[in-house]
There are 6 protein chains.
Amino acid sequence: MSDRPQDPRHRRGLELMNEIDPADGQRKLDDFAGIAPDLGRFLIEFVFADIYSRSVLSLRERQFVRLSALAAMGIGDAPMRANINSALNVGLAASDIAETFIQCLPYAGFPRVINAMEQLKAIVEERSGQG
Amino acid sequence: MSDRPQDPRHRRGLELMNEIDPADGQRKLDDFAGIAPDLGRFLIEFVFADIYSRSVLSLRERQFVRLSALAAMGIGDAPMRANINSALNVGLAASDIAETFIQCLPYAGFPRVINAMEQLKAIVEERSGQG
Amino acid sequence: MSDRPQDPRHRRGLELMNEIDPADGQRKLDDFAGIAPDLGRFLIEFVFADIYSRSVLSLRERQFVRLSALAAMGIGDAPMRANINSALNVGLAASDIAETFIQCLPYAGFPRVINAMEQLKAIVEERSGQG
Amino acid sequence: MSDRPQDPRHRRGLELMNEIDPADGQRKLDDFAGIAPDLGRFLIEFVFADIYSRSVLSLRERQFVRLSALAAMGIGDAPMRANINSALNVGLAASDIAETFIQCLPYAGFPRVINAMEQLKAIVEERSGQG
Amino acid sequence: MSDRPQDPRHRRGLELMNEIDPADGQRKLDDFAGIAPDLGRFLIEFVFADIYSRSVLSLRERQFVRLSALAAMGIGDAPMRANINSALNVGLAASDIAETFIQCLPYAGFPRVINAMEQLKAIVEERSGQG
Amino acid sequence: MSDRPQDPRHRRGLELMNEIDPADGQRKLDDFAGIAPDLGRFLIEFVFADIYSRSVLSLRERQFVRLSALAAMGIGDAPMRANINSALNVGLAASDIAETFIQCLPYAGFPRVINAMEQLKAIVEERSGQG
């Protein structure tokens, strides 16, 4: 990624990613550096710089959008955990996240919500040193 | 539904439904009165009274959850329009809803977001008398 | 399709399709005759002859499987109507179908179940001459 | 949950849950007791008491609905195993469940059906002491 | 969009969009100009300039990717028609597209493939003046 | 399966399966031999003999269809790895597969594409002896 430090969009995305979830973001960049470096670049430039950095909704409100979309899609456990972690990193309480999933029940159904809640439980325990 | 006016949960759900989107809510109750009256009852008692009436998240925040979950699931045009209408009814600006869909782009993909945005456009025109 | 009348699998599938929903089945064969005749053939030979004709579950039980899978996938209105019609054709009551969709609520969520129920309502009215 | 023993709906749901799959049900209640106790409550009161306890369809027929909806949604391995276990607990044969998944093939596709069947195989081996 | 003519990425995306499906592309830009102009911009800059313009796979191969992904997701009829049109515009034969959908049968299942094929049939008739 | 060696369709499917991914194919047949032998038979006769053996699209083109459909559906890690392996077995480069997933980004979204790419990375390392 270091070949684009001069691009303002790239720099803005990378800064935001590092602010929100440096460990998971860097792990993905490293994972894809060999096989698909452009996937890491699009993650930084499109997801972080173009979309996530927009301030029409507050940072807190953007978490509700992201977590709900992911729960409703039935996303895998690993990406769900990474996204829960980054929502906690930017200041949501675990109870806000639990409530987000509960509000999804009528749309996404119980199995997907229960699965999302299991990941939240695992992350909360991990962060409090019990996990 | 009138056979349960004494049930506080039922009454609370019905009041909330009528506050948020009386036209669409009543249409669904009427539609299902003959074929599946319990579906209307569960909509009132579970979706409205048990879930949607919870105040852990603000009413505004609950809209972000609901609209994002629906956009990510690729819900049909008619339910998407009803949900956009009710979000406008409780005070969201059209620009808040447009931004919610844009924030879903990296997760739900362009075709589902574009489709949701077309419904928002149709509703906005309808409500401003252009539709 | 008439080029395979001697194939017992093809004949068995075609007979079953004609027994269950001749109008919709024939319409699909006609639709795809020009553009993708093999799609009609696979519908007859795989869906009807290989799968649907199996008698491990009763014909009634196979309807519950089919309708639930389709409701949970959020299938479009036209295929849902065709499948509801064929379930009524083989003897399910409208109330059995309504209950199937209600039993899907905790898994498939309200929007998909409500949508399926609207199609059931439309078909029931159509068949009773009100539609 | 013990704070609602006097509520007849709660009691009916809890009894049914304990009859069908006490181990998995209790594990979920325990899991969510700290982080989202209302999710356990909705599972008991909505899924079990409101929906699953209905007797319009037979208990056997309700299994076909549930397993088909879950297979078609591509639900995760852990919830699929819990649901297969509870279907066996209420008297379905493993061959009924295998056939349910086979009947889903034309709708849900091979990858989801193969995945569901792998879970059935694992559960059957586990219950016969081979797993 | 005319406010970014100087941006090379924007210009490259716009040119590609106009080459592939000018009518549908321009209609979307017009639709979203009032309510969500950035959605049109991201369509041009991310979908067309960043992704679709890549030449690792041939233009023909990229159609197979796009059409298969859309069929498997069960995308709505209007976006499916627009995407079929643009695949025909860049030189695929209708028989290539029909075969793409047939190859999706084991994964996406019959209802989604049948629906995609109905859209192909409609587009082919429309383009040959029968529609 | 050995009870159908005389059926030309069965033989054709089995040969193709053994050519493409003998290890995974045989493992599935063995897995289902006890619990659902017909699932193995349909895999051979429908997926391999009826669909995958068709030569309207080239073998390379059929890989793009298959991998894109699976990525867009958010298929589990194990089936995604098996399908990546078989695409490599028939001659696709890892970079072709990586690009297929990148081309899916606008439709399937980042979480599903990132997940597919992680599986590709794991398989590439495994095959080069690093895994």
# chains A, B, ... in the order shown; residues from 1 in each chain; ligands from 1
$ interface_residues --of "chain F" --to "chain D" --cutoff "8 Å" --atoms "only C-alpha atoms" --output "mmCIF file with N, CA and C atoms, in the first residue's frame"
data_model
loop_
_atom_site.group_PDB
_atom_site.id
_atom_site.type_symbol
_atom_site.label_atom_id
_atom_site.label_comp_id
_atom_site.auth_asym_id
_atom_site.auth_seq_id
_atom_site.Cartn_x
_atom_site.Cartn_y
_atom_site.Cartn_z
ATOM 1 N N ASP F 31 -19.137 -39.857 2.337
ATOM 2 C CA ASP F 31 -19.887 -39.234 3.432
ATOM 3 C C ASP F 31 -21.380 -39.572 3.355
ATOM 4 N N PHE F 32 -21.910 -39.543 2.157
ATOM 5 C CA PHE F 32 -23.359 -39.676 2.015
ATOM 6 C C PHE F 32 -23.793 -41.106 1.707
ATOM 7 N N ILE F 35 -26.093 -42.254 4.650
ATOM 8 C CA ILE F 35 -27.246 -41.453 5.058
ATOM 9 C C ILE F 35 -28.110 -40.959 3.907
ATOM 10 N N ALA F 36 -27.495 -40.731 2.753
ATOM 11 C CA ALA F 36 -28.269 -40.179 1.627
ATOM 12 C C ALA F 36 -27.547 -40.487 0.319
ATOM 13 N N LEU F 39 -28.058 -38.396 -2.818
ATOM 14 C CA LEU F 39 -27.459 -37.063 -2.954
ATOM 15 C C LEU F 39 -26.157 -37.171 -3.749
ATOM 16 N N LEU F 43 -25.490 -35.544 -7.448
ATOM 17 C CA LEU F 43 -24.282 -34.735 -7.673
ATOM 18 C C LEU F 43 -23.577 -35.208 -8.947
ATOM 19 N N ILE F 75 -21.325 -18.675 0.212
ATOM 20 C CA ILE F 75 -21.201 -20.097 0.544
ATOM 21 C C ILE F 75 -20.164 -20.317 1.655
ATOM 22 N N PRO F 79 -17.012 -25.602 1.268
ATOM 23 C CA PRO F 79 -17.340 -25.747 -0.154
ATOM 24 C C PRO F 79 -16.598 -24.729 -1.031
#
$ select_by_dssp --residues "segment 1-123 of chain E" --states "helix (DSSP H, G or I)" --output "ChimeraX atom specification"
/E:8-20,22-35,37-52,59-73,77-89,94-108,110-123
$ residues_around --residues "Thr100 of chain F" --least-positions-apart "6" --cutoff "10 Å" --atoms "only C-alpha atoms" --output "short mmCIF file (atom, residue, chain, number, x, y, z; two decimals) with N, CA and C atoms, in the first residue's frame"
data_model
loop_
_atom_site.label_atom_id
_atom_site.label_comp_id
_atom_site.auth_asym_id
_atom_site.auth_seq_id
_atom_site.Cartn_x
_atom_site.Cartn_y
_atom_site.Cartn_z
N VAL E 56 -7.68 -7.80 -16.36
CA VAL E 56 -7.08 -9.10 -16.03
C VAL E 56 -7.89 -10.22 -16.68
N LEU E 57 -9.20 -10.14 -16.54
CA LEU E 57 -10.07 -11.05 -17.30
C LEU E 57 -10.54 -10.31 -18.56
N GLU E 61 -15.20 -12.54 -20.35
CA GLU E 61 -15.15 -13.28 -19.08
C GLU E 61 -15.80 -12.49 -17.94
N ARG E 62 -15.59 -11.16 -17.97
CA ARG E 62 -16.21 -10.34 -16.92
C ARG E 62 -17.73 -10.41 -16.96
N PHE E 64 -19.47 -13.13 -17.62
CA PHE E 64 -19.87 -14.36 -16.93
C PHE E 64 -19.86 -14.15 -15.42
N VAL E 65 -18.85 -13.43 -14.94
CA VAL E 65 -18.78 -13.14 -13.51
C VAL E 65 -20.00 -12.33 -13.07
N ARG E 66 -20.25 -11.27 -13.78
CA ARG E 66 -21.32 -10.35 -13.40
C ARG E 66 -22.70 -11.01 -13.45
N GLN F 63 -15.75 -21.99 -15.05
CA GLN F 63 -15.20 -21.71 -13.72
C GLN F 63 -15.63 -20.33 -13.22
N PHE F 64 -15.64 -19.36 -14.15
CA PHE F 64 -16.04 -18.00 -13.74
C PHE F 64 -17.49 -18.00 -13.26
N VAL F 65 -18.32 -18.75 -13.98
CA VAL F 65 -19.73 -18.83 -13.58
C VAL F 65 -19.85 -19.44 -12.18
N LEU F 67 -17.58 -19.98 -9.71
CA LEU F 67 -16.95 -19.28 -8.59
C LEU F 67 -17.72 -18.01 -8.23
N SER F 68 -18.22 -17.32 -9.23
CA SER F 68 -18.96 -16.07 -8.97
C SER F 68 -20.29 -16.36 -8.28
N ALA F 71 -19.46 -17.23 -4.65
CA ALA F 71 -19.04 -16.07 -3.86
C ALA F 71 -20.24 -15.17 -3.54
N ALA F 94 -4.21 -18.80 -9.97
CA ALA F 94 -4.73 -18.18 -8.75
C ALA F 94 -5.11 -16.72 -9.02
N VAL F 113 -16.67 -11.13 -0.50
CA VAL F 113 -15.48 -11.22 -1.35
C VAL F 113 -14.23 -11.43 -0.49
N MET F 117 -11.70 -14.57 -0.71
CA MET F 117 -10.27 -14.36 -0.95
C MET F 117 -9.41 -15.03 0.14
#
$ residues_around --residues "segment 8-16 of chain D" --least-positions-apart "5" --cutoff "10 Å" --atoms "only C-alpha atoms" --output "PyMOL selection string"
chain D and resi 1-2+21-22+25-26+41-53
$ atom_distance --atom1 "atom CA of Leu88 of chain B" --atom2 "atom CA of Ala69 of chain B"
16.8 Å
$ residues_around --residues "Val90 of chain F" --least-positions-apart "3" --cutoff "10 Å" --atoms "only C-alpha atoms" --output "JSON list (two decimals) with N, CA, C and O atoms, in the first residue's frame"
[["chain", "number", "residue", "atom", "x", "y", "z"],
["F", 19, "GLU", "N", -12.03, -36.43, -12.80],
["F", 19, "GLU", "CA", -11.03, -35.65, -13.55],
["F", 19, "GLU", "C", -10.79, -34.31, -12.84],
["F", 19, "GLU", "O", -9.67, -33.82, -12.78],
["F", 20, "ILE", "N", -11.86, -33.73, -12.30],
["F", 20, "ILE", "CA", -11.81, -32.37, -11.77],
["F", 20, "ILE", "C", -11.38, -32.31, -10.31],
["F", 20, "ILE", "O", -10.55, -31.50, -9.93],
["F", 21, "ASP", "N", -11.98, -33.11, -9.49],
["F", 21, "ASP", "CA", -11.58, -33.07, -8.08],
["F", 21, "ASP", "C", -11.85, -34.41, -7.41],
["F", 21, "ASP", "O", -12.78, -34.55, -6.61],
["F", 59, "LEU", "N", -14.42, -24.69, -20.68],
["F", 59, "LEU", "CA", -14.20, -25.14, -19.30],
["F", 59, "LEU", "C", -13.74, -23.97, -18.43],
["F", 59, "LEU", "O", -14.16, -23.84, -17.28],
["F", 60, "ARG", "N", -12.89, -23.12, -19.00],
["F", 60, "ARG", "CA", -12.42, -21.93, -18.28],
["F", 60, "ARG", "C", -13.60, -20.99, -17.95],
["F", 60, "ARG", "O", -13.73, -20.52, -16.82],
["F", 63, "GLN", "N", -15.75, -21.99, -15.05],
["F", 63, "GLN", "CA", -15.20, -21.71, -13.72],
["F", 63, "GLN", "C", -15.63, -20.33, -13.22],
["F", 63, "GLN", "O", -15.90, -20.14, -12.05],
["F", 85, "ASN", "N", -10.17, -25.25, -5.33],
["F", 85, "ASN", "CA", -9.26, -26.34, -5.68],
["F", 85, "ASN", "C", -9.57, -26.91, -7.05],
["F", 85, "ASN", "O", -8.67, -27.12, -7.86],
["F", 86, "SER", "N", -10.85, -27.14, -7.32],
["F", 86, "SER", "CA", -11.15, -27.77, -8.61],
["F", 86, "SER", "C", -10.94, -26.78, -9.75],
["F", 86, "SER", "O", -10.58, -27.19, -10.85],
["F", 87, "ALA", "N", -11.11, -25.48, -9.51],
["F", 87, "ALA", "CA", -10.81, -24.49, -10.57],
["F", 87, "ALA", "C", -9.31, -24.46, -10.86],
["F", 87, "ALA", "O", -8.89, -24.36, -12.03],
["F", 93, "ALA", "N", -5.38, -19.93, -13.18],
["F", 93, "ALA", "CA", -4.32, -19.41, -12.32],
["F", 93, "ALA", "C", -4.96, -18.83, -11.07],
["F", 93, "ALA", "O", -6.12, -18.39, -11.10]]
$ atom_distance --atom1 "atom CA of Ala72 of chain A" --atom2 "atom CA of Glu126 of chain A"
24.1 Å
